[in-house]
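For reference, query.cif is printed below; it contains mmCIF, C-alpha atoms.
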data_upload
loop_
_atom_site.label_atom_id
_atom_site.label_comp_id
_atom_site.auth_asym_id
_atom_site.auth_seq_id
_atom_site.Cartn_x
_atom_site.Cartn_y
_atom_site.Cartn_z
CA MET A 1 -11.53 -31.14 -15.08
CA GLN A 2 -13.60 -27.98 -14.99
CA TYR A 3 -12.41 -24.62 -16.32
CA ARG A 4 -13.35 -21.02 -15.60
CA ARG A 5 -12.61 -17.74 -17.36
CA LEU A 6 -9.75 -15.79 -15.78
CA GLY A 7 -11.40 -12.39 -15.88
CA LYS A 8 -10.66 -10.05 -18.76
CA THR A 9 -7.73 -12.21 -19.90
CA GLU A 10 -10.32 -14.60 -21.38
CA LEU A 11 -7.97 -17.48 -20.52
CA GLU A 12 -9.76 -20.65 -19.45
CA VAL A 13 -7.99 -21.99 -16.38
CA SER A 14 -8.51 -25.28 -14.55
CA ILE A 15 -10.33 -24.85 -11.24
CA LEU A 16 -7.44 -26.81 -9.70
CA GLY A 17 -4.22 -24.83 -10.04
CA PHE A 18 -0.77 -26.36 -9.59
CA GLY A 19 1.15 -24.42 -6.96
CA ALA A 20 4.82 -25.11 -7.58
CA SER A 21 6.22 -23.66 -4.34
CA PRO A 22 6.84 -27.11 -2.75
CA MET A 23 9.12 -27.93 -5.69
CA GLY A 24 11.55 -25.47 -4.08
CA ASN A 25 11.76 -27.51 -0.84
CA VAL A 26 9.58 -24.92 0.89
CA PHE A 27 7.97 -27.51 3.17
CA ASP A 28 10.23 -30.56 2.94
CA PRO A 29 13.10 -31.75 0.73
CA VAL A 30 11.72 -32.98 -2.59
CA ASP A 31 13.12 -35.47 -5.07
CA GLU A 32 13.40 -33.67 -8.39
CA LYS A 33 12.31 -36.64 -10.51
CA GLU A 34 9.27 -37.10 -8.29
CA ALA A 35 8.38 -33.42 -8.63
CA ILE A 36 8.67 -33.57 -12.42
CA SER A 37 6.47 -36.68 -12.50
CA ALA A 38 3.92 -34.84 -10.37
CA VAL A 39 3.76 -31.99 -12.88
CA HIS A 40 3.33 -34.40 -15.77
CA LEU A 41 0.52 -36.27 -14.00
CA ALA A 42 -1.32 -33.03 -13.34
CA LEU A 43 -0.99 -31.93 -16.96
CA ASP A 44 -2.14 -35.34 -18.20
CA HIS A 45 -5.36 -34.92 -16.22
CA GLY A 46 -6.30 -31.44 -17.35
CA VAL A 47 -4.56 -29.12 -14.89
CA ASN A 48 -3.46 -26.26 -17.13
CA PHE A 49 -2.60 -23.47 -14.68
CA ILE A 50 0.77 -23.47 -12.92
CA ASP A 51 1.93 -20.77 -10.52
CA VAL A 52 5.50 -20.29 -9.33
CA SER A 53 7.91 -17.57 -8.14
CA PRO A 54 11.68 -17.00 -7.90
CA PHE A 55 11.10 -16.67 -4.13
CA TYR A 56 10.15 -20.35 -3.80
CA GLY A 57 13.31 -22.19 -2.89
CA LEU A 58 15.35 -19.15 -3.94
CA THR A 59 14.79 -19.95 -7.67
CA LEU A 60 14.86 -23.75 -7.20
CA ALA A 61 11.13 -24.16 -7.86
CA GLU A 62 11.35 -22.25 -11.14
CA SER A 63 14.39 -24.24 -12.26
CA ARG A 64 12.73 -27.58 -11.53
CA LEU A 65 9.47 -26.49 -13.12
CA GLY A 66 11.37 -25.44 -16.24
CA LYS A 67 12.67 -28.99 -16.60
CA ALA A 68 9.19 -30.40 -16.00
CA ILE A 69 7.38 -28.36 -18.64
CA GLU A 70 10.03 -28.61 -21.34
CA GLY A 71 8.27 -29.79 -24.48
CA ARG A 72 4.81 -29.17 -22.98
CA ARG A 73 4.74 -25.39 -22.78
CA LYS A 74 1.77 -25.05 -25.13
CA GLU A 75 -0.42 -27.04 -22.73
CA ILE A 76 0.12 -24.62 -19.88
CA ILE A 77 -1.07 -21.24 -18.65
CA LEU A 78 2.14 -20.31 -16.85
CA ALA A 79 2.39 -17.71 -14.09
CA SER A 80 5.38 -16.44 -12.17
CA LYS A 81 6.15 -13.41 -10.06
CA CYS A 82 8.63 -10.66 -9.27
CA GLY A 83 9.46 -8.32 -6.42
CA ARG A 84 10.04 -10.88 -3.66
CA TYR A 85 13.22 -12.91 -3.70
CA ASP A 86 13.77 -14.03 -0.08
CA LEU A 87 12.03 -13.76 3.29
CA GLN A 88 13.15 -10.17 3.73
CA HIS A 89 14.41 -9.34 0.24
CA PHE A 90 11.99 -7.17 -1.73
CA ASP A 91 12.84 -5.15 -4.80
CA PHE A 92 10.03 -3.67 -6.87
CA SER A 93 12.24 -1.28 -8.81
CA ARG A 94 11.87 -0.99 -12.57
CA LYS A 95 15.42 -2.23 -13.12
CA ARG A 96 14.89 -5.35 -11.00
CA ILE A 97 11.52 -6.20 -12.54
CA LEU A 98 12.92 -5.97 -16.08
CA GLN A 99 15.84 -8.14 -15.00
CA SER A 100 13.59 -10.56 -13.12
CA ILE A 101 11.41 -11.45 -16.10
CA ASP A 102 14.46 -12.45 -18.14
CA GLU A 103 15.82 -14.58 -15.30
CA SER A 104 12.48 -16.35 -14.84
CA LEU A 105 12.10 -17.01 -18.56
CA THR A 106 15.56 -18.57 -18.61
CA ARG A 107 14.85 -20.83 -15.65
CA LEU A 108 11.43 -21.80 -17.00
CA LYS A 109 12.83 -22.48 -20.48
CA THR A 110 10.28 -20.33 -22.24
CA ASP A 111 10.20 -17.01 -24.07
CA TYR A 112 7.03 -15.66 -22.43
CA LEU A 113 4.80 -15.94 -19.37
CA ASP A 114 1.05 -15.97 -19.59
CA LEU A 115 0.89 -14.09 -16.32
CA PHE A 116 3.53 -12.01 -14.49
CA GLN A 117 2.66 -10.89 -10.97
CA LEU A 118 3.92 -8.48 -8.33
CA HIS A 119 4.63 -10.79 -5.39
CA ASP A 120 3.39 -9.82 -1.89
CA ILE A 121 2.85 -6.14 -2.50
CA GLU A 122 2.07 -5.40 1.16
CA PHE A 123 5.76 -5.48 2.14
CA VAL A 124 6.78 -2.17 0.55
CA ASP A 125 5.49 1.39 0.44
CA LYS A 126 2.34 1.83 -1.59
CA GLN A 127 3.95 4.54 -3.73
CA ILE A 128 6.66 2.11 -4.88
CA ILE A 129 3.97 -0.22 -6.19
CA LEU A 130 1.95 2.53 -7.85
CA GLU A 131 4.74 4.67 -9.28
CA GLU A 132 7.44 2.16 -10.17
CA ALA A 133 6.37 -1.48 -10.02
CA VAL A 134 3.08 -1.25 -11.91
CA PRO A 135 4.51 0.81 -14.81
CA ALA A 136 7.47 -1.59 -15.00
CA ILE A 137 5.35 -4.73 -15.12
CA GLN A 138 3.10 -3.11 -17.73
CA GLU A 139 6.26 -2.43 -19.71
CA VAL A 140 7.05 -6.16 -19.55
CA VAL A 141 3.60 -6.93 -20.99
CA LYS A 142 4.10 -4.41 -23.80
CA SER A 143 7.42 -6.10 -24.62
CA GLY A 144 5.65 -9.42 -25.20
CA LYS A 145 7.54 -11.25 -22.46
CA ALA A 146 4.28 -11.60 -20.52
CA ARG A 147 0.72 -11.60 -21.79
CA PHE A 148 -0.96 -10.28 -18.64
CA TRP A 149 -0.04 -8.89 -15.23
CA GLY A 150 -1.40 -9.14 -11.73
CA ILE A 151 -0.88 -8.52 -8.04
CA THR A 152 -0.61 -10.93 -5.12
CA GLY A 153 -0.63 -10.63 -1.35
CA LEU A 154 -2.17 -11.49 1.99
CA PRO A 155 -4.28 -8.47 3.11
CA VAL A 156 -7.45 -8.74 1.05
CA ARG A 157 -8.63 -5.16 1.58
CA TYR A 158 -5.25 -3.80 0.52
CA LEU A 159 -5.35 -5.95 -2.60
CA ALA A 160 -8.75 -4.46 -3.36
CA GLN A 161 -7.44 -0.92 -2.82
CA ILE A 162 -4.48 -1.41 -5.15
CA ALA A 163 -6.68 -3.14 -7.73
CA ARG A 164 -8.99 -0.12 -7.82
CA GLU A 165 -6.05 2.18 -8.47
CA THR A 166 -4.15 0.09 -11.02
CA ASN A 167 -6.71 -2.10 -12.88
CA PRO A 168 -4.69 -5.36 -12.98
CA ASP A 169 -5.62 -8.32 -15.13
CA THR A 170 -5.57 -10.66 -12.12
CA VAL A 171 -5.46 -10.68 -8.32
CA LEU A 172 -4.10 -13.62 -6.36
CA SER A 173 -5.27 -13.74 -2.75
CA TRP A 174 -3.94 -16.39 -0.41
CA ALA A 175 -5.28 -17.88 2.85
CA HIS A 176 -8.53 -15.93 2.68
CA TYR A 177 -10.95 -18.50 1.28
CA ASN A 178 -11.01 -21.94 2.86
CA LEU A 179 -12.81 -23.77 5.65
CA LEU A 180 -11.23 -21.39 8.18
CA GLU A 181 -11.36 -18.10 6.26
CA ASP A 182 -13.89 -16.36 4.04
CA GLU A 183 -12.84 -12.69 4.06
CA ILE A 184 -12.23 -12.78 0.32
CA ASN A 185 -16.01 -12.45 -0.05
CA ASN A 186 -16.30 -9.14 1.78
CA GLU A 187 -14.75 -6.87 -0.83
CA LEU A 188 -12.48 -8.67 -3.26
CA VAL A 189 -15.08 -10.99 -4.83
CA PRO A 190 -17.60 -8.22 -5.66
CA LEU A 191 -14.77 -6.02 -6.90
CA ALA A 192 -13.58 -8.79 -9.22
CA GLN A 193 -17.07 -8.95 -10.69
CA GLU A 194 -17.19 -5.17 -11.08
CA MET A 195 -13.72 -4.75 -12.63
CA ASP A 196 -13.53 -8.16 -14.34
CA PHE A 197 -10.08 -9.08 -13.10
CA GLY A 198 -9.34 -12.78 -12.71
CA LEU A 199 -9.55 -13.74 -9.04
CA MET A 200 -7.37 -16.59 -7.80
CA ASN A 201 -7.32 -18.25 -4.39
CA ALA A 202 -4.19 -19.89 -2.98
CA ALA A 203 -3.45 -21.85 0.21
CA PRO A 204 -6.85 -23.59 0.48
CA LEU A 205 -5.29 -25.97 3.04
CA MET A 206 -4.07 -23.06 5.19
CA GLN A 207 -0.46 -24.17 4.93
CA ARG A 208 -1.31 -27.74 6.02
CA ILE A 209 -3.77 -27.09 8.87
CA LEU A 210 -6.53 -28.50 6.64
CA SER A 211 -4.58 -31.68 5.88
CA ASP A 212 -3.00 -34.61 7.68
CA ALA A 213 0.54 -33.29 7.13
CA PRO A 214 2.63 -31.95 10.04
CA LEU A 215 2.57 -28.17 10.32
CA PRO A 216 5.78 -26.35 9.38
CA PRO A 217 7.57 -24.71 12.31
CA TRP A 218 7.19 -21.29 10.71
CA HIS A 219 3.37 -21.47 10.59
CA ARG A 220 1.92 -18.21 11.90
CA SER A 221 -1.68 -19.15 12.63
CA PRO A 222 -2.78 -18.73 16.27
CA ALA A 223 -2.57 -21.85 18.45
CA GLU A 224 -6.34 -22.20 18.65
CA VAL A 225 -6.56 -22.33 14.85
CA LYS A 226 -3.79 -24.93 14.58
CA ALA A 227 -5.61 -26.98 17.22
CA MET A 228 -8.49 -27.49 14.79
CA GLN A 229 -6.41 -29.87 12.67
CA PRO A 230 -6.87 -33.08 14.72
CA VAL A 231 -10.53 -32.25 15.39
CA LEU A 232 -11.31 -31.83 11.71
CA LEU A 233 -9.21 -34.86 10.73
CA ASP A 234 -11.26 -37.07 13.03
CA LEU A 235 -14.56 -35.65 11.81
CA CYS A 236 -13.74 -36.14 8.14
CA GLN A 237 -12.43 -39.63 8.80
CA SER A 238 -15.72 -40.53 10.50
CA PHE A 239 -17.45 -39.65 7.22
CA GLY A 240 -14.88 -41.58 5.17
CA TYR A 241 -13.11 -38.56 3.67
CA LYS A 242 -9.64 -37.02 3.78
CA LEU A 243 -9.63 -33.55 5.31
CA SER A 244 -7.41 -32.18 2.53
CA GLN A 245 -9.81 -33.36 -0.16
CA VAL A 246 -12.82 -31.90 1.64
CA ALA A 247 -11.01 -28.58 2.10
CA LEU A 248 -9.89 -28.45 -1.51
CA ARG A 249 -13.31 -29.36 -2.90
CA PHE A 250 -14.92 -26.71 -0.68
CA ALA A 251 -12.55 -24.05 -2.01
CA MET A 252 -12.96 -25.06 -5.66
CA ASP A 253 -16.73 -24.81 -5.30
CA HIS A 254 -16.60 -21.02 -5.05
CA PRO A 255 -18.20 -20.03 -8.38
CA LEU A 256 -16.58 -16.59 -8.61
CA ILE A 257 -12.98 -17.68 -8.05
CA SER A 258 -11.33 -18.76 -11.28
CA THR A 259 -8.77 -21.20 -9.89
CA THR A 260 -7.75 -22.58 -6.51
CA ILE A 261 -3.98 -22.99 -6.27
CA VAL A 262 -2.66 -25.73 -4.02
CA GLY A 263 0.97 -26.69 -3.52
CA MET A 264 1.98 -30.00 -5.08
CA CYS A 265 5.23 -31.83 -5.68
CA GLU A 266 4.51 -35.55 -5.24
CA VAL A 267 2.57 -37.95 -7.45
CA LYS A 268 0.46 -39.18 -4.53
CA THR A 269 -0.61 -35.63 -3.65
CA VAL A 270 -1.52 -34.85 -7.24
CA GLN A 271 -3.63 -38.01 -7.40
CA GLU A 272 -5.49 -37.06 -4.23
CA ASN A 273 -6.08 -33.52 -5.46
CA LEU A 274 -7.38 -34.77 -8.81
CA GLU A 275 -9.78 -37.08 -6.96
CA ALA A 276 -11.06 -34.06 -5.02
CA VAL A 277 -12.16 -32.43 -8.28
CA ASP A 278 -14.79 -35.13 -8.72
CA LEU A 279 -15.82 -35.55 -5.07
CA GLU A 280 -19.27 -34.72 -3.81
CA ILE A 281 -18.98 -33.79 -0.15
CA PRO A 282 -22.11 -34.36 2.00
CA SER A 283 -23.63 -31.05 3.07
CA GLU A 284 -23.93 -32.44 6.59
CA LEU A 285 -20.15 -32.77 6.81
CA ILE A 286 -19.55 -29.23 5.56
CA ASP A 287 -22.15 -27.86 7.97
CA ARG A 288 -20.55 -29.64 10.91
CA ILE A 289 -17.10 -28.39 9.96
CA LEU A 290 -18.28 -24.79 9.63
CA THR A 291 -20.00 -25.02 13.01
CA LEU A 292 -16.84 -26.38 14.64
CA VAL A 293 -14.57 -23.70 13.21
CA GLU A 294 -16.90 -20.76 13.85
CA PRO A 295 -15.16 -19.75 17.12
CA VAL A 296 -11.80 -19.43 15.31
CA LYS A 297 -13.05 -18.20 11.93
CA ASN A 298 -11.02 -15.50 10.20
CA ARG A 299 -8.25 -15.42 12.83
CA ILE A 300 -5.64 -14.54 10.26
CA TRP A 301 -2.18 -13.17 11.00
CA PHE A 302 -0.77 -10.05 9.37
CA GLU A 303 2.26 -9.61 7.12
CA GLY A 304 3.97 -6.65 5.52
CA LYS A 305 3.94 -2.99 6.46
CA ALA A 306 1.44 -2.06 9.18
CA GLU A 307 -0.11 0.71 7.09
CA ASN A 308 -0.95 -1.79 4.33
CA ASN A 309 -2.89 -4.11 6.65
CA ILE A 310 -6.09 -2.17 6.29
#
Please express what this file holds, its structure, as structure tokens.
Amino acid sequence: MQYRRLGKTELEVSILGFGASPMGNVFDPVDEKEAISAVHLALDHGVNFIDVSPFYGLTLAESRLGKAIEGRRKEIILASKCGRYDLQHFDFSRKRILQSIDESLTRLKTDYLDLFQLHDIEFVDKQIILEEAVPAIQEVVKSGKARFWGITGLPVRYLAQIARETNPDTVLSWAHYNLLEDEINNELVPLAQEMDFGLMNAAPLMQRILSDAPLPPWHRSPAEVKAMQPVLLDLCQSFGYKLSQVALRFAMDHPLISTTIVGMCEVKTVQENLEAVDLEIPSELIDRILTLVEPVKNRIWFEGKAENNI
């Protein structure tokens, strides 16, 4: 396993991050024992960064993860979130954030988080984030219940704007650096270098498009982007590779992104992702993929308030 510094936190995180959202049955129903075994396998092979949220499975992912890491807390750089609790339930008030950290700590069976993050900040008014949420999460850090704080969301330019105004320890961007998207490079990557916040990339498989798994019915990518899945599967297979492993390796190769977070909840998936860490993908294959996807590159959907999708 390789490790990179997570910005000014100085934490050394594995380039492969364990995304615990599938443990909350976000994609498919998951056997709890299998999910716990998956966490243990990842930890045994050097994965030390785990990211979760009370939103995933409406607290189920946190509860299951708490069982999985019991007795192994010291091996883990543990991150959770606050502010988003359901598809349309957002509460970034000071009262809720201070309540949320205690609830997460209870479910995760720990007395502190390494990283506490404001979850999907684009869904509420900017002033709520600046005037209430950020001071509240900084208060949590001062209390010792979290070591560092960060922001997460989909619109990369909005993340950059908020980062400039609040100076977070970390920024988690999702769906903006993978074989189909590279907009993270336009502004967020250079800003991370300038401000020294830890930059994290999630959803390197674009919510299953860059894998052999069936797409969830709620997937919001345009039809022409979804249609790339069978084309890329066939191409990678012709080279003797799994599309998911190629996509994950490609994402992890970005030298200025500290960790690439991918959802995991089954032993088989963890094994495949660990194999990807050591893969060397032929440049010819990557070049052919990038040529194929060029017509649909960066066709991302929007989420949150219109004024925040800058």
Using all atoms listed in the file, what table do you get, as a Markdown table, when you list each residue of range 50-161 of chain A with an atom no more than 12 Å from range 260-266 of chain A, its nearest pair of atoms, and their distance in Å rounded to one decimal, rows by chain then rising number?
| residue | atom | partner | partner_atom | distance |
| --- | --- | --- | --- | --- |
| A:Ile50 | CA | A:Ile261 | CA | 8.2 |
| A:Asp51 | CA | A:Ile261 | CA | 7.6 |
| A:Val52 | CA | A:Gly263 | CA | 9.8 |
| A:Tyr56 | CA | A:Gly263 | CA | 11.2 |
| A:Ala61 | CA | A:Cys265 | CA | 9.9 |
| A:Arg64 | CA | A:Cys265 | CA | 10.4 |
| A:Leu65 | CA | A:Cys265 | CA | 10.1 |
| A:Ala68 | CA | A:Cys265 | CA | 11.1 |
| A:Ala79 | CA | A:Ile261 | CA | 11.4 |
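The set of residues that the PyMOL selection byres ((chain A and resi 216-233) around 7) takes from this file is Phe27, Ile209, Leu210, Asp212, Pro214, Leu215, Asp234, Leu235, Cys236, Gln237, Leu243, Ile289, Val296, Ile300 and Trp301 of chain A.
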*asked:* Just to confirm, what's the straight-line distance from CA of Leu256 in chain A to CA of Glu294 in chain A in Å (one decimal)?
replied: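 CA of Glu294 in chain A lies 22.8 Å from CA of Leu256 in chain A.
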*Measure the distance from CA of Arg107 in chain A to CA of Val39 in chain A in Å and round it to one decimal.*
16.0 Å
_Counting all atoms listed in the file, I want the residues whose atoms come within 12 Å of (-9.7, -24.9, -1.2) in the file frame, returned as a ChimeraX atom specification._
/A:15-17,174-182,200-211,243-254,257-263,273,276-277
*Quote the spacing between CA of Lys145 in chain A and CA of Asp44 in chain A in Å to one decimal place.*
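If I compute the distance from CA of Lys145 in chain A to CA of Asp44 in chain A, I get 26.3 Å.
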Could range 207-218 of chain A be completed with all heavy atoms and written as a compact mmCIF listing (two decimals), keeping the file's coordinate frame, please?
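part.txt, freshly written:
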# COMPACT_ATOMS: atom_id res chain seq x y z
N GLN A 207 -1.83 -23.74 4.66
CA GLN A 207 -0.46 -24.17 4.93
C GLN A 207 -0.43 -25.41 5.83
O GLN A 207 0.27 -25.47 6.81
CB GLN A 207 0.35 -23.01 5.52
CG GLN A 207 0.51 -21.85 4.55
CD GLN A 207 1.26 -20.69 5.14
OE1 GLN A 207 1.07 -20.34 6.29
NE2 GLN A 207 2.12 -20.07 4.35
N ARG A 208 -1.27 -26.39 5.45
CA ARG A 208 -1.31 -27.74 6.02
C ARG A 208 -2.27 -27.93 7.19
O ARG A 208 -2.51 -29.06 7.59
CB ARG A 208 0.08 -28.24 6.41
CG ARG A 208 1.00 -28.51 5.24
CD ARG A 208 2.28 -29.19 5.70
NE ARG A 208 3.07 -29.68 4.57
CZ ARG A 208 4.22 -30.35 4.69
NH1 ARG A 208 4.70 -30.60 5.90
NH2 ARG A 208 4.88 -30.76 3.63
N ILE A 209 -2.83 -26.87 7.77
CA ILE A 209 -3.77 -27.09 8.87
C ILE A 209 -4.92 -27.97 8.41
O ILE A 209 -5.38 -28.86 9.14
CB ILE A 209 -4.32 -25.75 9.41
CG1 ILE A 209 -3.21 -24.96 10.11
CG2 ILE A 209 -5.47 -25.99 10.39
CD1 ILE A 209 -3.68 -23.63 10.66
N LEU A 210 -5.39 -27.75 7.18
CA LEU A 210 -6.53 -28.50 6.64
C LEU A 210 -6.05 -29.73 5.86
O LEU A 210 -6.52 -30.02 4.77
CB LEU A 210 -7.39 -27.58 5.78
CG LEU A 210 -7.99 -26.40 6.53
CD1 LEU A 210 -8.67 -25.43 5.57
CD2 LEU A 210 -8.99 -26.89 7.58
N SER A 211 -5.10 -30.44 6.45
CA SER A 211 -4.58 -31.68 5.88
C SER A 211 -4.06 -32.55 7.01
O SER A 211 -4.10 -32.15 8.18
CB SER A 211 -3.45 -31.38 4.88
OG SER A 211 -2.25 -31.08 5.56
N ASP A 212 -3.55 -33.73 6.65
CA ASP A 212 -3.00 -34.61 7.68
C ASP A 212 -1.48 -34.47 7.79
O ASP A 212 -0.83 -35.24 8.50
CB ASP A 212 -3.38 -36.07 7.42
CG ASP A 212 -2.87 -36.57 6.07
OD1 ASP A 212 -2.20 -35.81 5.34
OD2 ASP A 212 -3.14 -37.74 5.74
N ALA A 213 -0.91 -33.48 7.11
CA ALA A 213 0.54 -33.29 7.13
C ALA A 213 0.95 -32.49 8.37
O ALA A 213 0.19 -31.65 8.86
CB ALA A 213 0.99 -32.57 5.87
N PRO A 214 2.16 -32.73 8.88
CA PRO A 214 2.63 -31.95 10.04
C PRO A 214 2.80 -30.48 9.67
O PRO A 214 3.23 -30.15 8.56
CB PRO A 214 3.97 -32.61 10.38
CG PRO A 214 4.42 -33.30 9.12
CD PRO A 214 3.16 -33.75 8.45
N LEU A 215 2.48 -29.60 10.59
CA LEU A 215 2.57 -28.17 10.32
C LEU A 215 4.03 -27.74 10.32
O LEU A 215 4.81 -28.17 11.16
CB LEU A 215 1.79 -27.38 11.38
CG LEU A 215 0.31 -27.70 11.54
CD1 LEU A 215 -0.34 -26.70 12.48
CD2 LEU A 215 -0.40 -27.70 10.20
N PRO A 216 4.39 -26.86 9.39
CA PRO A 216 5.78 -26.35 9.38
C PRO A 216 6.04 -25.50 10.61
O PRO A 216 5.13 -24.83 11.11
CB PRO A 216 5.83 -25.54 8.09
CG PRO A 216 4.42 -25.16 7.81
CD PRO A 216 3.57 -26.28 8.32
N PRO A 217 7.26 -25.47 11.10
CA PRO A 217 7.57 -24.71 12.31
C PRO A 217 7.35 -23.21 12.16
O PRO A 217 7.15 -22.50 13.15
CB PRO A 217 9.05 -25.03 12.57
CG PRO A 217 9.58 -25.52 11.26
CD PRO A 217 8.44 -26.21 10.60
N TRP A 218 7.36 -22.71 10.93
CA TRP A 218 7.19 -21.29 10.71
C TRP A 218 5.73 -20.85 10.59
O TRP A 218 5.43 -19.68 10.36
CB TRP A 218 7.95 -20.84 9.46
CG TRP A 218 7.82 -21.77 8.29
CD1 TRP A 218 8.74 -22.70 7.89
CD2 TRP A 218 6.73 -21.87 7.35
NE1 TRP A 218 8.29 -23.36 6.75
CE2 TRP A 218 7.06 -22.88 6.41
CE3 TRP A 218 5.51 -21.20 7.22
CZ2 TRP A 218 6.20 -23.24 5.35
CZ3 TRP A 218 4.65 -21.56 6.18
CH2 TRP A 218 5.02 -22.57 5.27
